[in-house]
Structure formats: C-alpha cells, structure tokens
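Encoded as structure tokens, the structure appears first; notes follow it.
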Amino acid sequence: MEDILTIVVPCYNEEEVLPETVKELGVILNDLVRQEKISERSKILFVNDGSKDRTWELISEYSEKYPYVTGLKFTRNYGHQNALLAGMKTAVKFSDMIITIDADLQDDVNAIYQMVDQYLDGVDVVYGVRNSRDTDTFFKKRTALAYYGLMKKLGVNLVPDSADYRLLSKRATEALLQYQERNLFLRGMVPLVGYRSAKAYYPRKERFAGKSKYPLGKMLHFALDGITSFSIAPIQLILILGIITTTISILMMVYVLIEKILGHVISGWSSLMISIWLLGGIQLISVSVIGEYVGKIFTEVKHRPRYNIEDENYSMKMEKD
Ligand code: UDP
Ligand code: MG
C-alpha cells in the first residue's frame with residue numbers, strides 16, 4: 001500500500017484561479033498515483049476561508065466531478081494561517097503526508113514531485129524554498145530580506161525564502177498540532193518541531209490570476225505577529241535602556257556637582273537634573289523587571305510541548321521482558 005497524500009489549499013476569494021489550480025494539482029496527483037508513489041486515496045483539500053465570491057460553489061462542483069477533490073468551509077474569514085491549520089487537522093487522520101500550498105499557483109506545483117521523493121527517502125519535513133524572487137517588487141524583496149535578518153537576531157529560527165509551501169509527514173503534523181498557541185505563525189513553528197528536514201527549490205512566479213489577499217497592512221501585522229509570538233527580546237531591550245539611562249544619571253550627577261561648585265548654576269537646576277535622569281533610569285529598570293515576568297507568562301501560556309521524541313526503544317524492551 002502506498003502512502004496517502006493530502007494537498008491542503010487555503011482559498012479566500014479565489015474564484016478566478018480555482019479552475020486552474022484544480023487542473024494543475026489534479027494532473028500532479030494523478031501522475032504520482034500512476035507512478036505508484038502515493039495511494040490512489042490521496043486527495044486535494046480546499047479550505048474555503050469565508051470567501052465572499054463563488055469559491056465555495058466551485059469547490060462543491062469540483063468535489064462532485066472529481067473523486068480526489070474535497071472541501072472544508074469556514075463560517076467566516078479566519079485568516080490564512082487558521083485555514084492551513086484546519087486543513088492539516090482535518091487531513092492528518094487519513095493522510096501519511098500533507099502538503100500545504102497557496103491557491104494562486106505562485107509556488108511552482110512541480111516541486112511537489114521533489115517533496116514526495118524526499119518524503120519517500122525518509123524525510124519528515126520538506127520546506128519549499130524559492131530560489132528567485134524576480135517576480136517580487138524591489139520593496140518586497142528588501143523588506144523580506146531585512147525581516148529574516150531581524151528575526152535571526154531576535155533568536156527566531158526561520159528558513160529564509162520559505163513560506164507556507166511545505167510537506168509534513170503524519171508524525172510531524174501531529175507534533176505541530178500539539179502547539180496550542182492562538183497567534184499562529186506556522187513558518188516559525190515548523191522548525192521547532194524538529195525531525196529530519198530537507199528543502200525543495202523552485203522559482204516563484206506571478207499570481208496566476210486575481211489580486212493578492214495580503215495587502216501591505218495585513219502583511220505588516222503578520223510580520224509583527226511573527227516577532228511578538230516568538231521573541232521576548234524586545235522586552236529585554238528595556239533593561240538595556242534602563243541601564244544606559246542610569247549610567248547617564250551617574251555621569252550627570254558628577255557634571256551637575258562640578259557646575260554647582262563652579263557656581264554656574266541657578267537654584268533648583270541641580271536637583272532637577274539629577275532627579276530626571278535617576279528617576280528615568282529607575283523606572284525603566286522597574287518596567288523591565290515586570291517585563292521579565294510578562295515574558296515568562298507569555299512563554300507559559302503558549303503551552304508549547306517541551307519536546308518531541310523521534311525514536312525510543314525503552315517501552316518496547318520493557319514490554320517484551
Ligand atoms: N488566504 C486565506 N485567507 C485570507 C487571506 C489569504 O485563506 O484571509 C489564502 C489565499 O487564498 C491564498 C493564500 O492564502 O491561497 C496566500 O494569499 P496571497 O496569495 O493573496 O498572498 P501573497 O502571495 O500575495 O503573499
Ligand atoms: Mg500569493
């Protein structure tokens with residue numbers, strides 16, 4: 001028996017591209033079945049994220065027409081990341097591997113062949129990585145690069161130039177679903193899962209049709225989410241600021257005293273200057289102390305799994321004895 005693949009596709013107002021997406025993914029799925037690399041029970045699962053156009057009607061039509069097309073419909077728009085999660089959660093019960101891909105065909109569907117081959121070689125996580133950003137604007141290219149750099153400095157491990165196009169094995173998906181956090185930033189969470197991983201390179205294309213569903217505002221929000229969901233480094237910056245301010249206050253004290261001795265000052269100036277700097281420093285340090293606790297609460301409330309075990313033979317041996 002070959003392994004079952006499910007391709008999860010989030011869709012938000014994608015009526016223009018959907019016919020082409022169904023066609024292209026269908027060709028690949030059937031091809032892989034013919035090559036006996038995946039089971040003929042493999043499926044495409046479209047997650048309709050509260051589309052306001054005919055996306056769901058199309059998904060329903062296609063699922064009647066093709067045995068391998070299935071759909072899941074949200075009550076309203078919950079966002080791309082939630083759509084991906086819902087698709088994976090639904091598919092994991094029946095699938096041995098799951099590939100997530102955007103509906104707009106910007107990511108080359110042919111990379112699916114590489115991903116499946118790598119899975120068959122025993123890899124649990126295959127990241128789709130774009131090896132060119134020629135179709136992105138100069139602005140998007142620069143900001144993306146700066147963002148990966150910043151995240152790295154903040155201690156967040158991302159795979160550069162990979163988005164939400166990837167393959168996960170059943171056990172990797174199950175491990176990912178253990179992460180209970182509400183603020184989803186899947187591309188930051190997947191590397192936390194561990195397991196053997198590989199990369200599948202492909203060129204990124206233009207959107208096949210329709211407009212981007214990620215306008216600049218949404219994009220910035222998502223980027224900030226990535227930082228604040230994964231790093232407490234910004235809180236720790238407050239402590240550094242506090243220490244700097246307190247150091248300045250000590251220097252100020254010396255300066256003010258000298259000025260006072262030399263008689264260059266009017267009354268009230270000395271005490272005012274010292275108070276301003278000293279109080280500022282004390283306040284910043286106090287805020288950072290509270291921040292440290294908030295940071296601890298932040299990591300605790302996520303209830304992330306402490307570890308994922310890849311292999312273990314203790315239980316097996318104990319049961320045999
Ligand atoms: N999407 C979604 N819900 C949303 C926004 C987007 O499911 O609220 C889907 C969309 O249909 C597409 C994918 O997420 O399949 C990526 O969106 P898009 O291609 O517009 O983003 P971009 O490639 O421009 O960053
Ligand atoms: Mg896109």
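Chain lettering (A, B, ...) mirrors the order of the structure tokens, residue numbering begins at 1 for each chain separately, and ligand numbering begins at 1 in order of display.
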Protein and nucleic residues near ligand 1, 9 Å, only C-alpha atoms and all ligand atoms, as a PyMOL selection string: chain A and resi 9-14+47-51+77-84+101-107+163-164+206-207+210-215+218-219
Contacts of A:Val156 at 10 Å (only C-alpha atoms; same-chain gap of 3+ positions) as JSON, numbers by chain: {"A": [148, 149, 150, 151, 152, 153, 159, 188, 189, 191, 192, 226, 227, 229, 230, 231]}
Keeping only N, CA and C atoms, write the selected residues to a file as a PDB file, in the first residue's frame.
ATOM      1  N   TYR A 148      14.068  38.675   7.638  1.00  0.00           N
ATOM      2  CA  TYR A 148      14.730  37.421   8.024  1.00  0.00           C
ATOM      3  C   TYR A 148      15.946  37.706   8.893  1.00  0.00           C
ATOM      4  N   GLY A 149      16.676  38.796   8.549  1.00  0.00           N
ATOM      5  CA  GLY A 149      17.850  39.182   9.330  1.00  0.00           C
ATOM      6  C   GLY A 149      17.470  39.553  10.756  1.00  0.00           C
ATOM      7  N   LEU A 150      16.423  40.358  10.869  1.00  0.00           N
ATOM      8  CA  LEU A 150      15.963  40.801  12.187  1.00  0.00           C
ATOM      9  C   LEU A 150      15.513  39.609  13.029  1.00  0.00           C
ATOM     10  N   MET A 151      14.735  38.725  12.430  1.00  0.00           N
ATOM     11  CA  MET A 151      14.229  37.554  13.159  1.00  0.00           C
ATOM     12  C   MET A 151      15.388  36.712  13.674  1.00  0.00           C
ATOM     13  N   LYS A 152      16.407  36.590  12.853  1.00  0.00           N
ATOM     14  CA  LYS A 152      17.558  35.791  13.249  1.00  0.00           C
ATOM     15  C   LYS A 152      18.236  36.414  14.469  1.00  0.00           C
ATOM     16  N   LYS A 153      18.355  37.749  14.440  1.00  0.00           N
ATOM     17  CA  LYS A 153      18.961  38.464  15.573  1.00  0.00           C
ATOM     18  C   LYS A 153      18.140  38.264  16.835  1.00  0.00           C
ATOM     19  N   VAL A 159      13.326  29.460   8.032  1.00  0.00           N
ATOM     20  CA  VAL A 159      14.030  29.029   6.831  1.00  0.00           C
ATOM     21  C   VAL A 159      13.842  30.149   5.811  1.00  0.00           C
ATOM     22  N   GLY A 188       7.311  29.825  11.613  1.00  0.00           N
ATOM     23  CA  GLY A 188       8.228  29.842  12.748  1.00  0.00           C
ATOM     24  C   GLY A 188       8.068  28.601  13.611  1.00  0.00           C
ATOM     25  N   MET A 189       6.875  28.015  13.582  1.00  0.00           N
ATOM     26  CA  MET A 189       6.590  26.864  14.437  1.00  0.00           C
ATOM     27  C   MET A 189       7.155  25.563  13.875  1.00  0.00           C
ATOM     28  N   PRO A 191       9.942  24.767  12.256  1.00  0.00           N
ATOM     29  CA  PRO A 191      11.313  24.401  12.641  1.00  0.00           C
ATOM     30  C   PRO A 191      11.423  23.949  14.107  1.00  0.00           C
ATOM     31  N   LEU A 192      10.481  24.387  14.950  1.00  0.00           N
ATOM     32  CA  LEU A 192      10.527  23.986  16.362  1.00  0.00           C
ATOM     33  C   LEU A 192      10.214  22.510  16.548  1.00  0.00           C
ATOM     34  N   GLY A 226       4.835  37.676  13.942  1.00  0.00           N
ATOM     35  CA  GLY A 226       5.955  36.742  13.948  1.00  0.00           C
ATOM     36  C   GLY A 226       6.946  37.092  15.041  1.00  0.00           C
ATOM     37  N   ILE A 227       7.211  38.393  15.191  1.00  0.00           N
ATOM     38  CA  ILE A 227       8.175  38.809  16.204  1.00  0.00           C
ATOM     39  C   ILE A 227       7.594  38.618  17.602  1.00  0.00           C
ATOM     40  N   SER A 229       5.187  36.846  18.680  1.00  0.00           N
ATOM     41  CA  SER A 229       4.780  35.500  19.082  1.00  0.00           C
ATOM     42  C   SER A 229       5.982  34.613  19.367  1.00  0.00           C
ATOM     43  N   PHE A 230       7.157  35.050  18.959  1.00  0.00           N
ATOM     44  CA  PHE A 230       8.302  34.156  19.071  1.00  0.00           C
ATOM     45  C   PHE A 230       9.441  34.678  19.895  1.00  0.00           C
ATOM     46  N   SER A 231       9.408  35.966  20.232  1.00  0.00           N
ATOM     47  CA  SER A 231      10.590  36.518  20.865  1.00  0.00           C
ATOM     48  C   SER A 231      10.222  37.442  22.004  1.00  0.00           C
TER      49      SER A 231
END
Could you check the closest approach to ligand 2 for each of A:Val17, A:Leu272, A:Leu239, A:Val125 and tell me which residue wins, using only C-alpha atoms and all ligand atoms? A:Val17
Set the distance at 12 Å and use only C-alpha atoms: which residues neighbour A:Ala175 once local chain neighbours fewer than 6 positions away are removed? I'd like the list as a list in words.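 In the requested form, the answer reads Met88, Lys89, Val92, Asp124, Val125, Leu168, Ser169, Met189, Val190, Pro191, Leu192, Val193, Gly194, Tyr195, Arg304, Pro305, Arg306, Tyr307, Asn308, Ile309 and Glu310 of chain A.
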Expected answer as an MDAnalysis selection string: strand (DSSP E or B) residues in stretch 52-269 of chain A: chainID A and resid 69:73 97:100 107 125:130 162:169 197:202 204
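The gap separating atom CA of A:Thr173 from atom CA of A:Phe46 is 17.6 Å, in Å to one decimal.
Residue nearest ligand 2 within the list A:Phe185, A:Trp277, A:Tyr165, A:Phe138: A:Tyr165 [criterion: smallest interatomic distance, only C-alpha atoms and all ligand atoms].
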If DSSP is run on the backbone, what residues of stretch 55-260 of chain A are alpha helix (DSSP H)? A reply as an MDAnalysis selection string would be ideal. chainID A and resid 55:65 80:91 111:120 138:153 170:177 186:193 216:230 233:260
Mind giving me the straight-line distance from atom CA of A:Ser162 to atom CA of A:Gly128 in Å, one decimal?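 Pair atom CA of A:Ser162 / atom CA of A:Gly128 returns 5.7 Å.
Atom pair atom CA of A:Tyr127 / atom CA of A:Arg196 has a distance of 11.1 Å (rounded to one decimal).
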